[in-house]
$ cat protein_11.cif   # mmCIF, C-alpha atoms
data_model
#
loop_
_atom_site.label_atom_id
_atom_site.label_comp_id
_atom_site.auth_asym_id
_atom_site.auth_seq_id
_atom_site.Cartn_x
_atom_site.Cartn_y
_atom_site.Cartn_z
CA MET A 7 -29.82 -1.70 -13.55
CA ASN A 8 -28.08 -1.67 -16.91
CA ILE A 9 -24.75 0.06 -17.51
CA ASN A 10 -26.27 3.35 -18.66
CA GLU A 11 -28.46 3.55 -15.55
CA ILE A 12 -25.46 2.82 -13.33
CA LYS A 13 -23.44 5.61 -14.94
CA GLN A 14 -26.32 8.05 -14.71
CA LYS A 15 -27.01 7.32 -11.05
CA ASP A 16 -23.30 7.41 -10.23
CA THR A 17 -23.11 10.93 -11.66
CA GLU A 18 -26.25 11.93 -9.79
CA TYR A 19 -25.59 10.42 -6.36
CA VAL A 20 -21.87 9.63 -5.89
CA ALA A 21 -19.35 12.38 -5.00
CA ASN A 22 -17.28 13.16 -8.06
CA THR A 23 -13.86 12.37 -6.53
CA TYR A 24 -12.66 9.86 -9.12
CA PRO A 25 -12.16 10.39 -12.89
CA ARG A 26 -13.64 7.02 -13.83
CA TYR A 27 -12.68 5.08 -16.93
CA ASP A 28 -15.48 3.79 -19.14
CA LEU A 29 -15.78 0.37 -17.52
CA CYS A 30 -18.41 -1.12 -15.23
CA VAL A 31 -17.45 -4.55 -13.91
CA GLU A 32 -20.24 -7.00 -13.07
CA LYS A 33 -18.36 -10.09 -11.87
CA GLY A 34 -14.96 -11.73 -11.70
CA LEU A 35 -13.05 -14.86 -10.78
CA SER A 36 -9.30 -15.31 -10.35
CA SER A 37 -7.67 -12.49 -12.39
CA THR A 38 -10.42 -12.26 -14.99
CA CYS A 39 -13.54 -10.09 -14.80
CA TYR A 40 -16.48 -9.25 -17.05
CA ASP A 41 -18.54 -6.17 -17.76
CA PHE A 42 -22.33 -6.12 -18.09
CA ASP A 43 -22.09 -7.06 -21.76
CA GLY A 44 -20.03 -10.16 -20.95
CA LYS A 45 -16.75 -8.74 -22.28
CA GLU A 46 -13.66 -10.29 -20.69
CA TYR A 47 -10.87 -8.30 -19.03
CA ILE A 48 -7.57 -9.55 -17.60
CA ASP A 49 -6.96 -7.55 -14.43
CA LEU A 50 -3.35 -6.45 -13.97
CA SER A 51 -4.32 -3.91 -11.30
CA SER A 52 -5.94 -5.97 -8.48
CA GLY A 53 -7.95 -2.93 -7.43
CA ILE A 54 -4.69 -0.96 -6.84
CA GLY A 55 -2.98 -3.83 -5.09
CA VAL A 56 -5.97 -4.89 -2.98
CA ASN A 57 -7.23 -8.16 -4.51
CA SER A 58 -4.13 -10.12 -3.53
CA LEU A 59 -5.86 -13.42 -4.42
CA GLY A 60 -7.80 -11.99 -7.35
CA PHE A 61 -11.57 -11.96 -7.62
CA CYS A 62 -13.72 -14.11 -5.35
CA ASP A 63 -11.08 -16.66 -4.38
CA PRO A 64 -13.18 -19.62 -3.14
CA ALA A 65 -11.18 -20.32 0.05
CA TRP A 66 -11.00 -16.63 0.99
CA ALA A 67 -14.70 -16.11 0.25
CA GLY A 68 -15.51 -19.22 2.26
CA ALA A 69 -13.58 -17.93 5.27
CA VAL A 70 -15.36 -14.57 5.10
CA THR A 71 -18.87 -15.92 4.56
CA GLY A 72 -18.38 -18.64 7.16
CA GLN A 73 -17.52 -15.99 9.71
CA LEU A 74 -20.42 -13.78 8.56
CA ASN A 75 -22.75 -16.63 9.32
CA THR A 76 -21.25 -16.93 12.81
CA LEU A 77 -20.47 -13.40 14.02
CA GLN A 78 -20.14 -10.36 11.75
CA HIS A 79 -19.16 -7.71 14.31
CA MET A 80 -18.50 -7.23 18.00
CA SER A 81 -17.33 -4.22 19.92
CA ASN A 82 -13.62 -4.05 20.67
CA LEU A 83 -14.63 -3.97 24.32
CA PHE A 84 -14.84 -7.76 23.96
CA TYR A 85 -12.62 -10.54 22.59
CA THR A 86 -13.09 -12.22 19.20
CA SER A 87 -11.17 -15.17 17.80
CA PRO A 88 -10.44 -13.96 14.21
CA CYS A 89 -8.83 -10.73 15.47
CA VAL A 90 -6.53 -12.67 17.80
CA ARG A 91 -5.67 -15.29 15.16
CA LEU A 92 -4.74 -12.60 12.63
CA ALA A 93 -2.58 -10.69 15.12
CA GLU A 94 -0.80 -13.90 16.11
CA LYS A 95 -0.19 -14.82 12.47
CA LEU A 96 1.22 -11.37 11.67
CA SER A 97 3.51 -11.62 14.68
CA GLU A 98 4.74 -15.06 13.60
CA ILE A 99 5.48 -13.88 10.06
CA THR A 100 6.98 -10.45 10.75
CA GLY A 101 8.32 -10.66 14.30
CA CYS A 102 6.23 -7.71 15.45
CA LYS A 103 5.22 -7.68 19.12
CA LYS A 104 1.71 -6.19 18.97
CA VAL A 105 -0.81 -5.21 16.28
CA PHE A 106 -3.41 -2.46 16.13
CA PHE A 107 -6.14 -3.03 13.52
CA ALA A 108 -7.69 -0.15 11.59
CA ASN A 109 -9.77 0.11 8.42
CA SER A 110 -7.42 1.55 5.78
CA GLY A 111 -3.84 2.44 5.00
CA ALA A 112 -4.40 6.07 5.90
CA GLU A 113 -5.80 5.06 9.30
CA ALA A 114 -2.86 2.71 9.84
CA ASN A 115 -0.44 5.55 9.13
CA GLU A 116 -2.35 7.83 11.50
CA GLY A 117 -1.96 5.14 14.17
CA ALA A 118 1.76 4.85 13.46
CA ILE A 119 2.23 8.61 13.82
CA LYS A 120 0.38 8.60 17.12
CA ALA A 121 2.42 5.64 18.37
CA ALA A 122 5.68 7.41 17.50
CA ARG A 123 4.70 10.61 19.25
CA LYS A 124 3.42 8.71 22.29
CA TYR A 125 6.73 6.81 22.48
CA SER A 126 8.69 10.07 22.57
CA PHE A 127 6.27 11.62 25.04
CA ASP A 128 6.57 8.67 27.41
CA LYS A 129 10.35 8.41 27.19
CA TYR A 130 11.47 12.03 26.87
CA GLY A 131 8.57 14.03 28.29
CA ALA A 132 6.31 16.69 26.82
CA GLU A 133 8.82 19.43 27.61
CA SER A 134 11.34 17.90 25.16
CA GLY A 135 9.14 18.81 22.20
CA ARG A 136 10.29 15.58 20.61
CA ASN A 137 7.35 15.16 18.25
CA ARG A 138 8.48 16.07 14.73
CA ILE A 139 7.91 13.58 11.89
CA ILE A 140 10.20 13.57 8.85
CA THR A 141 8.89 12.14 5.59
CA LEU A 142 10.21 11.92 2.06
CA VAL A 143 9.47 14.16 -0.90
CA ASN A 144 7.35 12.25 -3.46
CA SER A 145 5.82 10.02 -0.78
CA PHE A 146 2.14 9.17 -0.36
CA HIS A 147 0.68 8.14 2.99
CA GLY A 148 -3.09 8.70 2.70
CA ARG A 149 -5.79 11.34 2.58
CA THR A 150 -6.76 11.85 6.22
CA MET A 151 -5.23 15.00 7.65
CA ALA A 152 -2.12 13.66 9.40
CA ALA A 153 -1.44 11.13 6.62
CA LEU A 154 -2.00 13.84 4.02
CA THR A 155 0.37 16.16 5.85
CA ALA A 156 2.94 13.36 5.89
CA THR A 157 2.54 12.96 2.12
CA GLY A 158 5.44 14.69 0.40
CA GLN A 159 3.62 15.83 -2.72
CA GLU A 160 2.25 19.36 -2.94
CA SER A 161 -0.29 18.32 -5.58
CA PHE A 162 -2.23 16.50 -2.85
CA HIS A 163 -1.99 19.40 -0.41
CA ASN A 164 -3.87 22.04 -2.35
CA PHE A 165 -7.23 23.26 -0.91
CA PHE A 166 -6.85 21.69 2.55
CA PHE A 167 -4.83 24.21 4.55
CA PRO A 168 -3.91 24.56 7.36
CA PHE A 169 -2.09 21.30 7.91
CA LEU A 170 -0.88 19.69 11.11
CA GLU A 171 2.27 21.01 12.71
CA GLY A 172 5.43 19.01 13.15
CA PHE A 173 6.02 17.50 9.70
CA GLU A 174 9.01 18.15 7.45
CA TYR A 175 10.22 16.66 4.17
CA VAL A 176 13.60 15.58 2.81
CA ASN A 177 14.52 14.30 -0.63
CA ALA A 178 14.81 10.53 -0.94
CA GLY A 179 18.38 9.41 -1.56
CA ASN A 180 19.97 12.53 -0.08
CA ILE A 181 21.37 11.32 3.22
CA GLY A 182 23.34 14.56 3.63
CA GLU A 183 20.13 16.60 3.66
CA LEU A 184 18.64 14.29 6.29
CA LYS A 185 21.75 14.43 8.48
CA GLU A 186 21.89 18.22 8.25
CA LYS A 187 18.29 18.55 9.32
CA LEU A 188 18.69 16.05 12.16
CA GLU A 189 21.98 17.49 13.44
CA ILE A 190 20.35 20.89 13.91
CA ASP A 191 17.58 19.28 15.92
CA ILE A 192 19.88 17.14 18.04
CA LEU A 193 22.01 20.15 18.97
CA THR A 194 18.89 22.08 20.00
CA ASN A 195 16.03 20.02 21.39
CA GLY A 196 16.16 16.64 19.64
CA SER A 197 12.71 17.22 18.20
CA CYS A 198 12.48 14.32 15.73
CA ALA A 199 10.26 11.43 16.85
CA ALA A 200 10.16 9.38 13.64
CA ILE A 201 11.09 9.07 9.99
CA ILE A 202 8.52 7.57 7.61
CA ILE A 203 9.61 5.83 4.42
CA GLU A 204 8.08 3.76 1.63
CA TYR A 205 10.62 1.26 0.33
CA ILE A 206 8.99 1.76 -3.06
CA GLN A 207 7.19 5.06 -3.57
CA GLY A 208 4.07 3.68 -5.25
CA GLU A 209 1.88 6.69 -5.93
CA GLY A 210 5.08 8.65 -6.49
CA GLY A 211 5.76 6.64 -9.65
CA VAL A 212 6.90 3.17 -8.48
CA VAL A 213 10.30 4.46 -7.36
CA PRO A 214 12.35 2.03 -5.22
CA LEU A 215 14.59 3.62 -2.60
CA ASP A 216 18.33 3.03 -2.93
CA TYR A 217 19.58 0.19 -0.71
CA ASP A 218 22.45 2.16 0.80
CA TYR A 219 20.17 5.10 1.53
CA VAL A 220 17.67 2.92 3.40
CA LYS A 221 20.43 1.33 5.46
CA ALA A 222 21.87 4.76 6.30
CA VAL A 223 18.43 6.00 7.42
CA ALA A 224 17.99 2.93 9.60
CA GLU A 225 21.42 3.47 11.19
CA ILE A 226 20.58 7.10 11.98
CA CYS A 227 17.28 6.07 13.54
CA GLU A 228 19.02 3.48 15.69
CA LYS A 229 21.76 5.90 16.79
CA TYR A 230 19.43 8.69 17.88
CA ASP A 231 16.46 6.63 19.07
CA ILE A 232 14.32 7.95 16.23
CA LEU A 233 11.59 5.50 15.25
CA LEU A 234 11.68 4.16 11.71
CA ILE A 235 8.15 3.81 10.31
CA ALA A 236 7.78 1.74 7.14
CA ASP A 237 4.63 2.46 5.16
CA GLU A 238 4.06 -0.92 3.52
CA VAL A 239 0.42 -0.29 2.68
CA GLN A 240 1.10 -1.11 -0.97
CA THR A 241 4.39 -3.03 -0.78
CA GLY A 242 3.45 -5.39 2.05
CA VAL A 243 1.74 -8.80 2.16
CA GLY A 244 3.84 -10.45 -0.54
CA ARG A 245 3.60 -7.77 -3.20
CA THR A 246 7.38 -7.52 -3.77
CA GLY A 247 8.08 -11.27 -3.54
CA THR A 248 8.82 -11.15 0.19
CA PHE A 249 6.14 -10.74 2.82
CA LEU A 250 7.44 -7.28 3.70
CA ALA A 251 9.40 -5.17 1.23
CA GLY A 252 11.79 -4.32 4.05
CA GLU A 253 13.12 -7.88 3.82
CA ASN A 254 14.60 -6.99 0.43
CA TYR A 255 16.64 -4.28 2.20
CA GLY A 256 17.51 -6.31 5.30
CA ILE A 257 15.62 -3.77 7.41
CA LYS A 258 13.16 -4.32 10.24
CA ALA A 259 11.30 -1.10 11.00
CA ASP A 260 10.17 -0.09 14.48
CA ILE A 261 6.62 0.35 13.15
CA THR A 262 5.19 -1.06 9.91
CA THR A 263 1.82 -0.26 8.39
CA LEU A 264 -0.20 -2.63 6.20
CA ALA A 265 -3.54 -2.45 4.39
CA LYS A 266 -4.54 -3.13 0.74
CA GLY A 267 -3.56 -6.77 0.10
CA LEU A 268 -4.14 -7.81 3.72
CA GLY A 269 -7.92 -7.66 3.29
CA GLY A 270 -8.08 -9.26 -0.15
CA GLY A 271 -10.83 -6.83 -1.18
CA LEU A 272 -12.31 -5.88 2.19
CA PRO A 273 -11.20 -2.81 4.20
CA ILE A 274 -8.51 -3.34 6.83
CA GLY A 275 -5.36 -1.64 8.05
CA ALA A 276 -2.75 -2.80 10.52
CA VAL A 277 -0.08 -1.10 12.61
CA LEU A 278 2.69 -3.57 13.43
CA LEU A 279 4.40 -2.45 16.63
CA GLY A 280 7.96 -3.56 17.33
CA GLU A 281 9.89 -3.95 20.56
CA LYS A 282 10.12 -0.23 21.35
CA THR A 283 6.45 0.54 20.76
CA ALA A 284 4.75 -2.70 21.77
CA ASP A 285 3.28 -1.24 24.94
CA VAL A 286 3.01 2.42 23.95
CA PHE A 287 -0.78 2.30 23.61
CA GLY A 288 -2.92 1.76 26.68
CA PRO A 289 -6.72 1.81 27.10
CA GLY A 290 -8.19 4.96 25.58
CA HIS A 291 -5.02 6.06 23.75
CA HIS A 292 -6.27 4.93 20.34
CA GLY A 293 -9.21 3.09 18.86
CA THR A 294 -11.64 2.57 16.00
CA THR A 295 -15.12 1.06 15.95
CA PHE A 296 -14.65 -1.34 13.05
CA GLY A 297 -11.00 -2.30 13.60
CA GLY A 298 -10.42 -6.06 13.84
CA ASN A 299 -13.76 -6.91 12.25
CA PRO A 300 -14.27 -10.70 12.58
CA ALA A 301 -15.26 -11.38 8.96
CA ILE A 302 -12.43 -9.33 7.47
CA CYS A 303 -9.90 -10.82 9.87
CA ALA A 304 -11.05 -14.35 9.03
CA GLY A 305 -10.44 -13.65 5.35
CA ALA A 306 -7.05 -12.07 6.12
CA VAL A 307 -5.96 -15.19 8.02
CA GLU A 308 -6.69 -17.24 4.90
CA ILE A 309 -4.64 -14.79 2.82
CA LEU A 310 -1.67 -15.01 5.19
CA ASN A 311 -1.85 -18.80 5.25
CA ARG A 312 -1.44 -18.76 1.47
CA ILE A 313 0.90 -15.85 0.89
CA SER A 314 3.43 -16.53 3.65
CA ASP A 315 4.40 -19.80 1.96
CA GLU A 316 7.93 -19.57 0.49
CA SER A 317 6.96 -21.26 -2.76
CA PHE A 318 4.10 -18.81 -3.22
CA LEU A 319 6.43 -15.85 -2.70
CA ALA A 320 8.95 -17.36 -5.10
CA GLY A 321 6.14 -17.52 -7.65
CA VAL A 322 5.52 -13.79 -7.20
CA LYS A 323 9.16 -13.07 -7.98
CA ASN A 324 9.13 -15.41 -10.99
CA LYS A 325 6.03 -13.78 -12.43
CA GLY A 326 7.61 -10.36 -11.96
CA ASP A 327 10.73 -11.56 -13.78
CA TYR A 328 8.55 -12.92 -16.59
CA ILE A 329 6.80 -9.57 -17.00
CA ARG A 330 10.14 -7.75 -17.09
CA LYS A 331 11.49 -10.12 -19.74
CA ARG A 332 8.43 -9.72 -21.97
CA LEU A 333 8.49 -5.94 -21.65
CA SER A 334 12.26 -5.70 -22.26
CA GLU A 335 11.64 -7.02 -25.76
CA ILE A 336 9.35 -4.07 -26.61
CA ASP A 337 10.88 -0.99 -28.21
CA GLU A 338 8.28 1.28 -26.59
CA VAL A 339 9.47 0.32 -23.09
CA ILE A 340 12.44 2.32 -21.82
CA LYS A 341 12.71 0.59 -18.44
CA THR A 342 10.71 -1.24 -15.78
CA ASP A 343 11.12 -0.31 -12.10
CA GLY A 344 9.87 -2.04 -8.96
CA MET A 345 10.00 -5.46 -7.34
CA GLY A 346 7.96 -8.63 -7.62
CA LEU A 347 4.48 -7.79 -8.89
CA MET A 348 4.75 -4.05 -8.18
CA LEU A 349 6.09 -2.63 -11.43
CA GLY A 350 6.28 0.80 -13.04
CA ILE A 351 6.94 1.04 -16.79
CA THR A 352 8.55 4.09 -18.41
CA LEU A 353 7.30 4.48 -21.97
CA LYS A 354 9.11 6.08 -24.90
CA THR A 355 6.33 7.84 -26.82
CA LYS A 356 2.95 6.82 -25.44
CA LYS A 357 1.21 8.43 -22.46
CA SER A 358 0.43 5.94 -19.71
CA ALA A 359 -3.16 7.19 -19.34
CA ASP A 360 -3.73 6.56 -23.04
CA VAL A 361 -2.39 3.02 -22.69
CA VAL A 362 -4.72 2.36 -19.76
CA LYS A 363 -7.68 3.61 -21.82
CA ALA A 364 -6.66 1.52 -24.82
CA GLY A 365 -6.19 -1.46 -22.52
CA ILE A 366 -9.79 -1.27 -21.36
CA GLU A 367 -10.91 -1.21 -24.97
CA ASN A 368 -8.80 -4.31 -25.61
CA GLY A 369 -9.66 -6.28 -22.49
CA VAL A 370 -6.77 -5.63 -20.07
CA ILE A 371 -6.86 -3.45 -16.93
CA THR A 372 -3.73 -1.53 -15.90
CA LEU A 373 -2.93 1.59 -13.85
CA THR A 374 -0.86 4.74 -13.94
CA ALA A 375 1.64 6.10 -11.42
CA LYS A 376 2.52 9.64 -12.43
CA GLU A 377 3.98 9.32 -15.94
CA LYS A 378 4.53 5.55 -15.67
CA LEU A 379 2.28 2.65 -16.51
CA ARG A 380 1.79 0.62 -13.33
CA LEU A 381 1.14 -3.12 -13.00
CA LEU A 382 -0.11 -4.67 -9.75
CA PRO A 383 -1.54 -8.05 -10.78
CA PRO A 384 -3.13 -10.39 -8.23
CA LEU A 385 -0.34 -12.34 -6.57
CA ASN A 386 -1.88 -15.67 -7.61
CA ILE A 387 -2.55 -14.71 -11.23
CA THR A 388 -2.22 -17.81 -13.40
CA MET A 389 0.43 -17.89 -16.09
CA GLY A 390 -2.33 -18.31 -18.67
CA GLU A 391 -4.04 -15.12 -17.52
CA LEU A 392 -0.73 -13.27 -17.26
CA GLU A 393 0.31 -14.27 -20.77
CA LYS A 394 -3.06 -13.26 -22.18
CA GLY A 395 -3.02 -9.91 -20.39
CA LEU A 396 0.54 -9.13 -21.47
CA ASP A 397 -0.23 -10.13 -25.06
CA ARG A 398 -3.02 -7.57 -25.13
CA LEU A 399 -0.92 -4.91 -23.43
CA ILE A 400 2.11 -5.43 -25.66
CA ASN A 401 -0.07 -5.29 -28.76
CA ILE A 402 -1.22 -1.82 -27.66
CA MET A 403 2.39 -0.71 -27.12
CA LYS A 404 3.41 -1.90 -30.57
CA ASN A 405 0.63 -0.03 -32.37
#
$ encode --input "protein_11.cif" --output "C-alpha cells"
Amino acid sequence: MNINEIKQKDTEYVANTYPRYDLCVEKGLSSTCYDFDGKEYIDLSSGIGVNSLGFCDPAWAGAVTGQLNTLQHMSNLFYTSPCVRLAEKLSEITGCKKVFFANSGAEANEGAIKAARKYSFDKYGAESGRNRIITLVNSFHGRTMAALTATGQESFHNFFFPFLEGFEYVNAGNIGELKEKLEIDILTNGSCAAIIIEYIQGEGGVVPLDYDYVKAVAEICEKYDILLIADEVQTGVGRTGTFLAGENYGIKADITTLAKGLGGGLPIGAVLLGEKTADVFGPGHHGTTFGGNPAICAGAVEILNRISDESFLAGVKNKGDYIRKRLSEIDEVIKTDGMGLMLGITLKTKKSADVVKAGIENGVITLTAKEKLRLLPPLNITMGELEKGLDRLINIMKN
C-alpha cells in the first residue's frame, strides 16, 4: 500500500481514538526513521518513551527473533526460561523480591492496586475496610478502569462513569493536605491501603515532584504501614539517568510498576513487589494470558543488560545535560523541566502542538505534554543524531 491507501484504510477500519499527525513511518534504525517517500526524521520521542534502544537495535532484535524461532509463547501454567531470567535480572538491579509480568503500564498499575488491597486484607482483615487508594492530582496511571480512576485528571474521566470506589486525590507538594486526609482515616478506621505517586508526572506536563515532599510521603507510608506505589511506567528503565527514578530521591517504594522502555517496542508491564508484598499473590489471585511472553522477555533481558551499565546511565544524564544547555541558549525557551532524557520544555510564544507539527515537516519527531513540548529520545541516541535533531528543532523555535 502507498501512503494515501494507508491513511484511507486507517480512517475506514481503525477506531478513531488518536488525532494522528501527518506522518506514516515505513522503517527505522537507531534514532532515525523514514517515511514512504524516503524522507528522514530524527526521533526525539521513542514512541512515547518505548523504544529505549531506538529502532530495530540489532542485538535486541536478535534476542527477540532468536527466541521466536525457539518458543514464542507458553501458558503461564508452565515454566519458561526468558521469564525467569528477566525476573531475576530485575531483582538484581532493583532489589525487588518478586515480579508479576503484565502487558502494559495500565495493567501493571492494576496489579499494583490489587497487591496493595490484598496486603491490607491479609494483614488487617476485610472488616477493617482498609482499601482506599490515594493518588495525586495531575497524575496519569492508564486507561483501564482502576488505573483510570487512579488518574488524577478530570479530563480523562469524562464519559466513563461510574468509577471504582475507594480512590481519592490530593495535590502534589501539599503534605499538609495529605496528613489531614490520613489523620481523619487513622482516627476512624485506618482505611488507606496505598499512596500512588509518579516521581515525574509525565502526561501531567513533565512535572518532577519536590524532593522533600517525596521523602515526607515515604515517611508517612512507613509510619502507618501504608504501601508506597511508584508508577515508573515512563520514568523507569534508565529514562532519568538512573535505572529507577526513585533512586534520584533516595526512595525505594514498596511496589514499583514498569512498562514502556522495558519492552523496547514490544508490549510488557511489570509489577515489582518489595519485602512487604512479595508473597501477597497466591495461585488464582491474579493473572494474564500473555504476561511473561518468552520473546518479549528475551528482548527485555538484552535491554537490561545494556541499560543497567553505569556508563550507559551516565551517558543518559550527559545527553540530557547537553539538551538543556542547547535549549537554554534559545530565547523562545522559558525553562526545561525533567531528568535525564525525560524533558518538558516551556515555550514563550509558540504552542507546543504547532512545534510538533512543524518538526514533522522539518524532519524531527517530538511530543507534547499539556502545554509543554516533551522530549523522550531513545536512551542510546548517538550524539550525531541528537545534534541533528536539536538543530532542526531549534531552527523551528527561532523562526
$ residues_around --input "protein_11.cif" --residues "region 271-286 of chain A" --least-positions-apart "5" --cutoff "7 Å" --atoms "all atoms listed in the file" --output "CSV table (one decimal) with C-alpha atoms, keeping the file's coordinate frame"
chain,number,residue,atom,x,y,z
A,56,VAL,CA,-6.0,-4.9,-3.0
A,57,ASN,CA,-7.2,-8.2,-4.5
A,102,CYS,CA,6.2,-7.7,15.4
A,103,LYS,CA,5.2,-7.7,19.1
A,104,LYS,CA,1.7,-6.2,19.0
A,105,VAL,CA,-0.8,-5.2,16.3
A,106,PHE,CA,-3.4,-2.5,16.1
A,107,PHE,CA,-6.1,-3.0,13.5
A,108,ALA,CA,-7.7,-0.2,11.6
A,109,ASN,CA,-9.8,0.1,8.4
A,110,SER,CA,-7.4,1.6,5.8
A,111,GLY,CA,-3.8,2.4,5.0
A,113,GLU,CA,-5.8,5.1,9.3
A,114,ALA,CA,-2.9,2.7,9.8
A,117,GLY,CA,-2.0,5.1,14.2
A,118,ALA,CA,1.8,4.8,13.5
A,121,ALA,CA,2.4,5.6,18.4
A,124,LYS,CA,3.4,8.7,22.3
A,125,TYR,CA,6.7,6.8,22.5
A,260,ASP,CA,10.2,-0.1,14.5
A,261,ILE,CA,6.6,0.4,13.2
A,262,THR,CA,5.2,-1.1,9.9
A,263,THR,CA,1.8,-0.3,8.4
A,264,LEU,CA,-0.2,-2.6,6.2
A,265,ALA,CA,-3.5,-2.4,4.4
A,302,ILE,CA,-12.4,-9.3,7.5
$ resolve_selection --input "protein_11.cif" --expression "the PyMOL selection byres ((chain A and resi 151) around 12)" --output "list in words"
Ala112, Glu113, Asn115, Glu116, Ile119, His147, Gly148, Arg149, Thr150, Ala152, Ala153, Leu154, Thr155, Ala156, Thr157, Phe162, His163, Phe166, Phe167, Pro168, Phe169, Leu170, Glu171 and Phe173 of chain A
$ residues_around --input "protein_11.cif" --residues "region 134-139 of chain A" --least-positions-apart "6" --cutoff "8 Å" --atoms "only C-alpha atoms" --output "list in words"
Ile119, Ala122, Arg123, Ser126, Phe127, Ala156, Gly172, Phe173, Glu174, Asn195, Gly196, Ser197, Cys198, Ala199, Ala200, Ile201 and Ile202 of chain A
$ atom_distance --input "protein_11.cif" --atom1 "CA of Ile313 (chain A)" --atom2 "CA of Leu268 (chain A)"
9.9 Å
$ residues_near_point --input "protein_11.cif" --point "(-9.2, 2.6, 24.6)" --cutoff "12 Å" --atoms "all atoms listed in the file" --output "PyMOL selection string"
chain A and resi 81-84+106+287-295
$ write_last_selection --input "protein_11.cif" --atoms "C-alpha atoms" --output "compact mmCIF listing (two decimals), in the coordinates of the input"
# COMPACT_ATOMS: atom_id res chain seq x y z
CA SER A 81 -17.33 -4.22 19.92
CA ASN A 82 -13.62 -4.05 20.67
CA LEU A 83 -14.63 -3.97 24.32
CA PHE A 84 -14.84 -7.76 23.96
CA PHE A 106 -3.41 -2.46 16.13
CA PHE A 287 -0.78 2.30 23.61
CA GLY A 288 -2.92 1.76 26.68
CA PRO A 289 -6.72 1.81 27.10
CA GLY A 290 -8.19 4.96 25.58
CA HIS A 291 -5.02 6.06 23.75
CA HIS A 292 -6.27 4.93 20.34
CA GLY A 293 -9.21 3.09 18.86
CA THR A 294 -11.64 2.57 16.00
CA THR A 295 -15.12 1.06 15.95
$ atom_distance --input "protein_11.cif" --atom1 "CA of Ile351 (chain A)" --atom2 "CA of Ile309 (chain A)"
27.7 Å
$ atom_distance --input "protein_11.cif" --atom1 "CA of Val20 (chain A)" --atom2 "CA of Ala375 (chain A)"
24.4 Å
$ closest_residue --input "protein_11.cif" --among "A:Glu18, A:Asp43, A:Asp237, A:Asp63" --to "Gly305 (chain A)" --atoms "only C-alpha atoms"
A:Asp63
$ resolve_selection --input "protein_11.cif" --expression "the PyMOL selection byres ((chain A and resi 41) around 9)" --output "PyMOL selection string"
chain A and resi 9+29-34+39-40+42-47
$ write_last_selection --input "protein_11.cif" --atoms "C-alpha atoms" --output "PDB file, in the frame of the given file"
ATOM      1  CA  ILE A   9     -24.750   0.060 -17.510  1.00  0.00           C
ATOM      2  CA  LEU A  29     -15.780   0.370 -17.520  1.00  0.00           C
ATOM      3  CA  CYS A  30     -18.410  -1.120 -15.230  1.00  0.00           C
ATOM      4  CA  VAL A  31     -17.450  -4.550 -13.910  1.00  0.00           C
ATOM      5  CA  GLU A  32     -20.240  -7.000 -13.070  1.00  0.00           C
ATOM      6  CA  LYS A  33     -18.360 -10.090 -11.870  1.00  0.00           C
ATOM      7  CA  GLY A  34     -14.960 -11.730 -11.700  1.00  0.00           C
ATOM      8  CA  CYS A  39     -13.540 -10.090 -14.800  1.00  0.00           C
ATOM      9  CA  TYR A  40     -16.480  -9.250 -17.050  1.00  0.00           C
ATOM     10  CA  PHE A  42     -22.330  -6.120 -18.090  1.00  0.00           C
ATOM     11  CA  ASP A  43     -22.090  -7.060 -21.760  1.00  0.00           C
ATOM     12  CA  GLY A  44     -20.030 -10.160 -20.950  1.00  0.00           C
ATOM     13  CA  LYS A  45     -16.750  -8.740 -22.280  1.00  0.00           C
ATOM     14  CA  GLU A  46     -13.660 -10.290 -20.690  1.00  0.00           C
ATOM     15  CA  TYR A  47     -10.870  -8.300 -19.030  1.00  0.00           C
TER      16      TYR A  47
END
